[in-house]
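Enquirer: Can you keep this structure in mind? I'll have questions shortly.
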Amino acid sequence: MAKYIHYNNPYSEELQEVIKGLETTPGVCIFIDVINSTGDKFDNPDKRWIRKLNNTFNFISFINNFPDFVVKGIGDELMLYLPDTDFGTESAFQNYYSLLSEIYATMDNLHHHPVKDIFYECKVALHYCTDVYNITFFEGVNDYYGTDIDLSARLMGKARGNRIVLSESFYKKVNDDLRKLNLNIADTVINEISKTYIEDFKGVPYPVEFRKIDLQ
C-alpha cells in the first residue's frame, strides 16, 4: 500500500526524513482511453454510452481480473500500474511480452468484432518506469507519482483509436523476454511494432523515444 504523505507543517523536518527514505517502485504504467464516448453522451439522450462503456470495459478482461492495478480513472481514461514485484504472480502477466500480447489481442478482438455499435475503440500507452514512488496524499488511496508517470501521460498524446504506443524502455523489456523465451520475432506481436520515433514532450527535458502499433 502507498505511503501516506500528510504533514500540516509546510517545513516539516519529519517529512524531509520520510522523503529521503523513499524507495522507487519500478514497473509498467498503462493508460487506456476509450474513443468518442464524450460525443455519445451529448448526442444520445437514451444514455447508450453507459451500455457501451460497460461492454468495452468488460471486454478488456485484464482490467476486471486485476482491479488492484487500477490506480486512477479520469473520465473514460484509466491509469494502471503494475509493479515489477507483481510480474509472475498472476497468470496473465508472467512477463512484459505476455502483457503486451494480452493488450494487443484484446484491442485486435475489439477492432475486428463483427458488431460495431456496442463497443468503443480504445487507445493505449505503455511505459516501463524506474522513477516512480508508491505514495499518496489522500489516506486510504493507492497511488503512484514520479517523472515516469508524467512521461507515460505524455506518451498518451501520441495514441489514437486502435493504436498502442510503447516507450523504448518498455520495448527493450519485451525484447529481453523474447530472447529469454527463444521466440521468433516474425511469429509474435513484435513484428507489428513500428520503427523508433523521437520527439520532445512538454515538460520533459530530453528527447523521448517511442514506438507504436497500429491495428489493421
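All residue names refer to the C-alpha cells as shown: chains lettered A, B, ... in order, residues numbered from 1 in each chain, ligands numbered from 1 in order.
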Using only C-alpha atoms, which residues sit within 12 Å of A:Asp200 once same-chain residues fewer than 4 positions away are excluded, as a VMD selection string?

Expert: chain A and resid 151 154 to 155 157 to 158 204 to 210

Enquirer: Can I get the selected residues back with all heavy atoms, as an mmCIF file, in the first residue's frame?

Expert:
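Result saved to result-v4.cif:
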```cif
data_model
loop_
_atom_site.group_PDB
_atom_site.id
_atom_site.type_symbol
_atom_site.label_atom_id
_atom_site.label_comp_id
_atom_site.auth_asym_id
_atom_site.auth_seq_id
_atom_site.Cartn_x
_atom_site.Cartn_y
_atom_site.Cartn_z
ATOM 1 N N LEU A 151 5.682 11.091 -17.811
ATOM 2 C CA LEU A 151 6.104 10.730 -19.160
ATOM 3 C C LEU A 151 5.104 9.773 -19.802
ATOM 4 O O LEU A 151 4.803 9.875 -21.000
ATOM 5 C CB LEU A 151 7.493 10.102 -19.119
ATOM 6 C CG LEU A 151 8.108 9.675 -20.451
ATOM 7 C CD1 LEU A 151 8.075 10.807 -21.465
ATOM 8 C CD2 LEU A 151 9.533 9.184 -20.248
ATOM 9 N N ARG A 154 2.349 11.745 -21.166
ATOM 10 C CA ARG A 154 2.750 12.438 -22.392
ATOM 11 C C ARG A 154 2.685 11.491 -23.597
ATOM 12 O O ARG A 154 2.283 11.887 -24.692
ATOM 13 C CB ARG A 154 4.161 12.998 -22.253
ATOM 14 C CG ARG A 154 4.309 14.119 -21.236
ATOM 15 C CD ARG A 154 3.630 15.392 -21.698
ATOM 16 N NE ARG A 154 3.925 16.516 -20.825
ATOM 17 C CZ ARG A 154 3.184 16.876 -19.780
ATOM 18 N NH1 ARG A 154 2.085 16.178 -19.493
ATOM 19 N NH2 ARG A 154 3.509 17.907 -19.033
ATOM 20 N N LEU A 155 3.080 10.240 -23.390
ATOM 21 C CA LEU A 155 3.027 9.260 -24.477
ATOM 22 C C LEU A 155 1.597 9.054 -24.969
ATOM 23 O O LEU A 155 1.363 8.783 -26.152
ATOM 24 C CB LEU A 155 3.607 7.924 -24.017
ATOM 25 C CG LEU A 155 5.127 7.848 -23.870
ATOM 26 C CD1 LEU A 155 5.514 6.566 -23.140
ATOM 27 C CD2 LEU A 155 5.800 7.911 -25.238
ATOM 28 N N GLY A 157 -0.498 11.155 -25.543
ATOM 29 C CA GLY A 157 -0.798 12.160 -26.553
ATOM 30 C C GLY A 157 -0.478 11.700 -27.964
ATOM 31 O O GLY A 157 -0.930 12.308 -28.936
ATOM 32 N N LYS A 158 0.313 10.646 -28.095
ATOM 33 C CA LYS A 158 0.661 10.093 -29.400
ATOM 34 C C LYS A 158 -0.233 8.923 -29.786
ATOM 35 O O LYS A 158 -0.085 8.352 -30.872
ATOM 36 C CB LYS A 158 2.138 9.653 -29.417
ATOM 37 C CG LYS A 158 3.109 10.807 -29.238
ATOM 38 C CD LYS A 158 2.938 11.827 -30.349
ATOM 39 C CE LYS A 158 3.808 13.057 -30.137
ATOM 40 N NZ LYS A 158 3.592 14.056 -31.221
ATOM 41 N N VAL A 204 9.374 17.690 -20.418
ATOM 42 C CA VAL A 204 10.406 16.654 -20.345
ATOM 43 C C VAL A 204 11.695 17.234 -20.920
ATOM 44 O O VAL A 204 11.717 17.639 -22.094
ATOM 45 C CB VAL A 204 9.981 15.388 -21.114
ATOM 46 C CG1 VAL A 204 11.065 14.315 -21.032
ATOM 47 C CG2 VAL A 204 8.653 14.859 -20.578
ATOM 48 N N PRO A 205 12.790 17.269 -20.148
ATOM 49 C CA PRO A 205 13.986 17.999 -20.575
ATOM 50 C C PRO A 205 14.900 17.230 -21.539
ATOM 51 O O PRO A 205 16.037 17.630 -21.748
ATOM 52 C CB PRO A 205 14.704 18.265 -19.245
ATOM 53 C CG PRO A 205 14.321 17.112 -18.382
ATOM 54 C CD PRO A 205 12.908 16.777 -18.763
ATOM 55 N N TYR A 206 14.403 16.155 -22.133
ATOM 56 C CA TYR A 206 15.223 15.400 -23.086
ATOM 57 C C TYR A 206 14.306 14.757 -24.117
ATOM 58 O O TYR A 206 13.104 14.557 -23.872
ATOM 59 C CB TYR A 206 16.042 14.321 -22.365
ATOM 60 C CG TYR A 206 15.226 13.448 -21.436
ATOM 61 C CD1 TYR A 206 14.491 12.366 -21.909
ATOM 62 C CD2 TYR A 206 15.183 13.716 -20.067
ATOM 63 C CE1 TYR A 206 13.737 11.577 -21.062
ATOM 64 C CE2 TYR A 206 14.435 12.926 -19.214
ATOM 65 C CZ TYR A 206 13.716 11.861 -19.715
ATOM 66 O OH TYR A 206 12.968 11.081 -18.863
ATOM 67 N N PRO A 207 14.821 14.436 -25.316
ATOM 68 C CA PRO A 207 14.007 13.776 -26.345
ATOM 69 C C PRO A 207 13.552 12.397 -25.869
ATOM 70 O O PRO A 207 14.284 11.699 -25.157
ATOM 71 C CB PRO A 207 14.955 13.673 -27.544
ATOM 72 C CG PRO A 207 16.029 14.669 -27.274
ATOM 73 C CD PRO A 207 16.185 14.727 -25.788
ATOM 74 N N VAL A 208 12.356 12.011 -26.270
ATOM 75 C CA VAL A 208 11.764 10.740 -25.840
ATOM 76 C C VAL A 208 11.627 9.812 -27.045
ATOM 77 O O VAL A 208 11.120 10.206 -28.100
ATOM 78 C CB VAL A 208 10.382 10.974 -25.204
ATOM 79 C CG1 VAL A 208 9.721 9.634 -24.850
ATOM 80 C CG2 VAL A 208 10.512 11.846 -23.961
ATOM 81 N N GLU A 209 12.076 8.577 -26.873
ATOM 82 C CA GLU A 209 11.951 7.552 -27.906
ATOM 83 C C GLU A 209 10.712 6.697 -27.636
ATOM 84 O O GLU A 209 10.480 6.282 -26.500
ATOM 85 C CB GLU A 209 13.192 6.665 -27.944
ATOM 86 C CG GLU A 209 14.473 7.391 -28.333
ATOM 87 C CD GLU A 209 15.662 6.460 -28.400
ATOM 88 O OE1 GLU A 209 15.743 5.550 -27.547
ATOM 89 O OE2 GLU A 209 16.494 6.634 -29.300
ATOM 90 N N PHE A 210 9.957 6.429 -28.694
ATOM 91 C CA PHE A 210 8.790 5.575 -28.540
ATOM 92 C C PHE A 210 8.490 4.870 -29.858
ATOM 93 O O PHE A 210 9.014 5.227 -30.914
ATOM 94 C CB PHE A 210 7.573 6.390 -28.080
ATOM 95 C CG PHE A 210 7.095 7.424 -29.067
ATOM 96 C CD1 PHE A 210 6.097 7.131 -29.988
ATOM 97 C CD2 PHE A 210 7.651 8.696 -29.081
ATOM 98 C CE1 PHE A 210 5.668 8.084 -30.894
ATOM 99 C CE2 PHE A 210 7.217 9.660 -29.987
ATOM 100 C CZ PHE A 210 6.223 9.352 -30.903
#
```

Enquirer: Pull the alpha helix (DSSP H) assignments for chain A out of DSSP run on the backbone, and list those residues as a ChimeraX atom specification.

Expert: /A:13-21,37-43,48-59,61-65,96-111,147-156,168-181

Enquirer: Please, which residues of stretch 158-213 of chain A, numbered as in this document, come out strand (DSSP E or B) from DSSP, as a PDB file with C-alpha atoms, in the first residue's frame?

Expert:
```
ATOM      1  CA  ARG A 163      -3.187   2.291 -31.575  1.00  0.00           C
ATOM      2  CA  ILE A 164      -0.771   1.143 -28.870  1.00  0.00           C
ATOM      3  CA  VAL A 165       2.119   3.477 -28.059  1.00  0.00           C
ATOM      4  CA  LEU A 166       5.057   1.998 -26.178  1.00  0.00           C
ATOM      5  CA  SER A 167       8.153   3.688 -24.855  1.00  0.00           C
ATOM      6  CA  TYR A 197      10.204   7.816 -33.203  1.00  0.00           C
ATOM      7  CA  ILE A 198      11.957  10.603 -31.283  1.00  0.00           C
ATOM      8  CA  GLU A 199      10.103  13.704 -30.099  1.00  0.00           C
ATOM      9  CA  VAL A 208      11.764  10.740 -25.840  1.00  0.00           C
ATOM     10  CA  GLU A 209      11.951   7.552 -27.906  1.00  0.00           C
ATOM     11  CA  PHE A 210       8.790   5.575 -28.540  1.00  0.00           C
ATOM     12  CA  ARG A 211       7.192   3.115 -30.954  1.00  0.00           C
ATOM     13  CA  LYS A 212       3.640   2.302 -31.958  1.00  0.00           C
ATOM     14  CA  ILE A 213       1.396  -0.488 -33.127  1.00  0.00           C
TER      15      ILE A 213
END
```

Enquirer: Please determine, counting only C-alpha atoms, which residue among A:Met1, A:Phe93, A:Tyr120, A:Val174 has the shortest atom-to-atom distance to A:Asn58.

Expert: A:Tyr120

Enquirer: Quick one: distance from atom CA of A:Gly73 to atom CA of A:Tyr7 in Å, one decimal?

Expert: 26.0 Å

Enquirer: In Å, how far is it from atom CA of A:Thr188 to atom CA of A:Ala125?

Expert: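 For atom CA of A:Thr188 relative to atom CA of A:Ala125, the distance reads 19.0 Å.
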
Enquirer: Neighbours of stretch 95-97 of chain A within 8 Å (only C-alpha atoms; same-chain residues fewer than 3 positions away dropped), as a short mmCIF file (atom, residue, chain, number, x, y, z; two decimals) with N, CA and C atoms, in the first residue's frame?

Expert:
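Ended up saving to around-v2.cif:
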```cif
data_model
loop_
_atom_site.label_atom_id
_atom_site.label_comp_id
_atom_site.auth_asym_id
_atom_site.auth_seq_id
_atom_site.Cartn_x
_atom_site.Cartn_y
_atom_site.Cartn_z
N PHE A 87 4.87 -9.12 -11.38
CA PHE A 87 5.01 -9.95 -12.57
C PHE A 87 5.36 -11.38 -12.16
N GLY A 88 4.69 -12.33 -12.81
CA GLY A 88 4.91 -13.72 -12.49
C GLY A 88 4.00 -14.25 -11.40
N LEU A 100 2.10 -7.26 -23.19
CA LEU A 100 1.86 -6.61 -24.48
C LEU A 100 0.98 -7.49 -25.38
N SER A 101 1.23 -8.79 -25.38
CA SER A 101 0.44 -9.70 -26.22
C SER A 101 -1.02 -9.70 -25.80
N PHE A 170 10.05 0.23 -22.49
CA PHE A 170 9.18 -0.93 -22.43
C PHE A 170 9.48 -1.90 -23.57
N LYS A 173 12.32 -4.11 -22.69
CA LYS A 173 11.92 -5.16 -21.75
C LYS A 173 11.25 -6.32 -22.49
N VAL A 174 10.41 -6.00 -23.46
CA VAL A 174 9.74 -7.03 -24.25
C VAL A 174 10.76 -7.82 -25.06
N ASN A 175 11.73 -7.12 -25.66
CA ASN A 175 12.77 -7.81 -26.44
C ASN A 175 13.61 -8.73 -25.56
N ASP A 177 12.55 -10.33 -22.99
CA ASP A 177 11.72 -11.52 -22.77
C ASP A 177 11.77 -12.45 -23.98
N LEU A 178 11.74 -11.88 -25.18
CA LEU A 178 11.79 -12.70 -26.39
C LEU A 178 13.07 -13.53 -26.45
#
```

Enquirer: Fewer than 5 positions away in the same chain doesn't count, so skip those; otherwise give me all residues within 10 Å of stretch 13-27 of chain A, counting only C-alpha atoms, as number ranges by chain.

Expert: A: 3, 5-8, 81-87, 96, 127-135, 144-146, 148, 170

Enquirer: Expressed in Å to a single decimal, how great is the separation between atom CA of A:Tyr4 and atom CA of A:Glu139?

Expert: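 Going from atom CA of A:Tyr4 over to atom CA of A:Glu139 covers 6.1 Å.
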
Enquirer: Compare A:Val28, A:Leu183, A:Leu78, A:Ala153 by their minimum atom-to-atom distance to A:Gly203, counting only C-alpha atoms, and give me the closest one.

Expert: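 Checking each candidate against A:Gly203, we get A:Ala153 as the closest.
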
Enquirer: Restricting the calculation to only C-alpha atoms: of A:Leu126, A:Lys41, A:Ile60, A:Ser98, which residue gets closest to A:Tyr171?

Expert: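 The shortest atom-to-atom distance to A:Tyr171 comes from A:Leu126.
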
Enquirer: Give me, as a ChimeraX atom specification, all polymer residues having an atom no more than 10 Å from A:Arg160, counting only C-alpha atoms and skipping those fewer than 6 positions away in the same chain.

Expert: /A:33-35,121-125,214

Enquirer: Using only C-alpha atoms, determine which residues lie at most 9 Å from A:Asp108, disregarding the query and same-chain residues fewer than 4 positions distant; provide the list as JSON, numbers by chain.

Expert: {"A": [103, 104, 112, 113, 162, 215, 216]}

Enquirer: Within 10 Å of A:Thr38, counting only C-alpha atoms, which residues show up once you throw out same-chain ones fewer than 6 positions away? Write them as an MDAnalysis selection string, please.

Expert: chainID A and resid 49 75:76
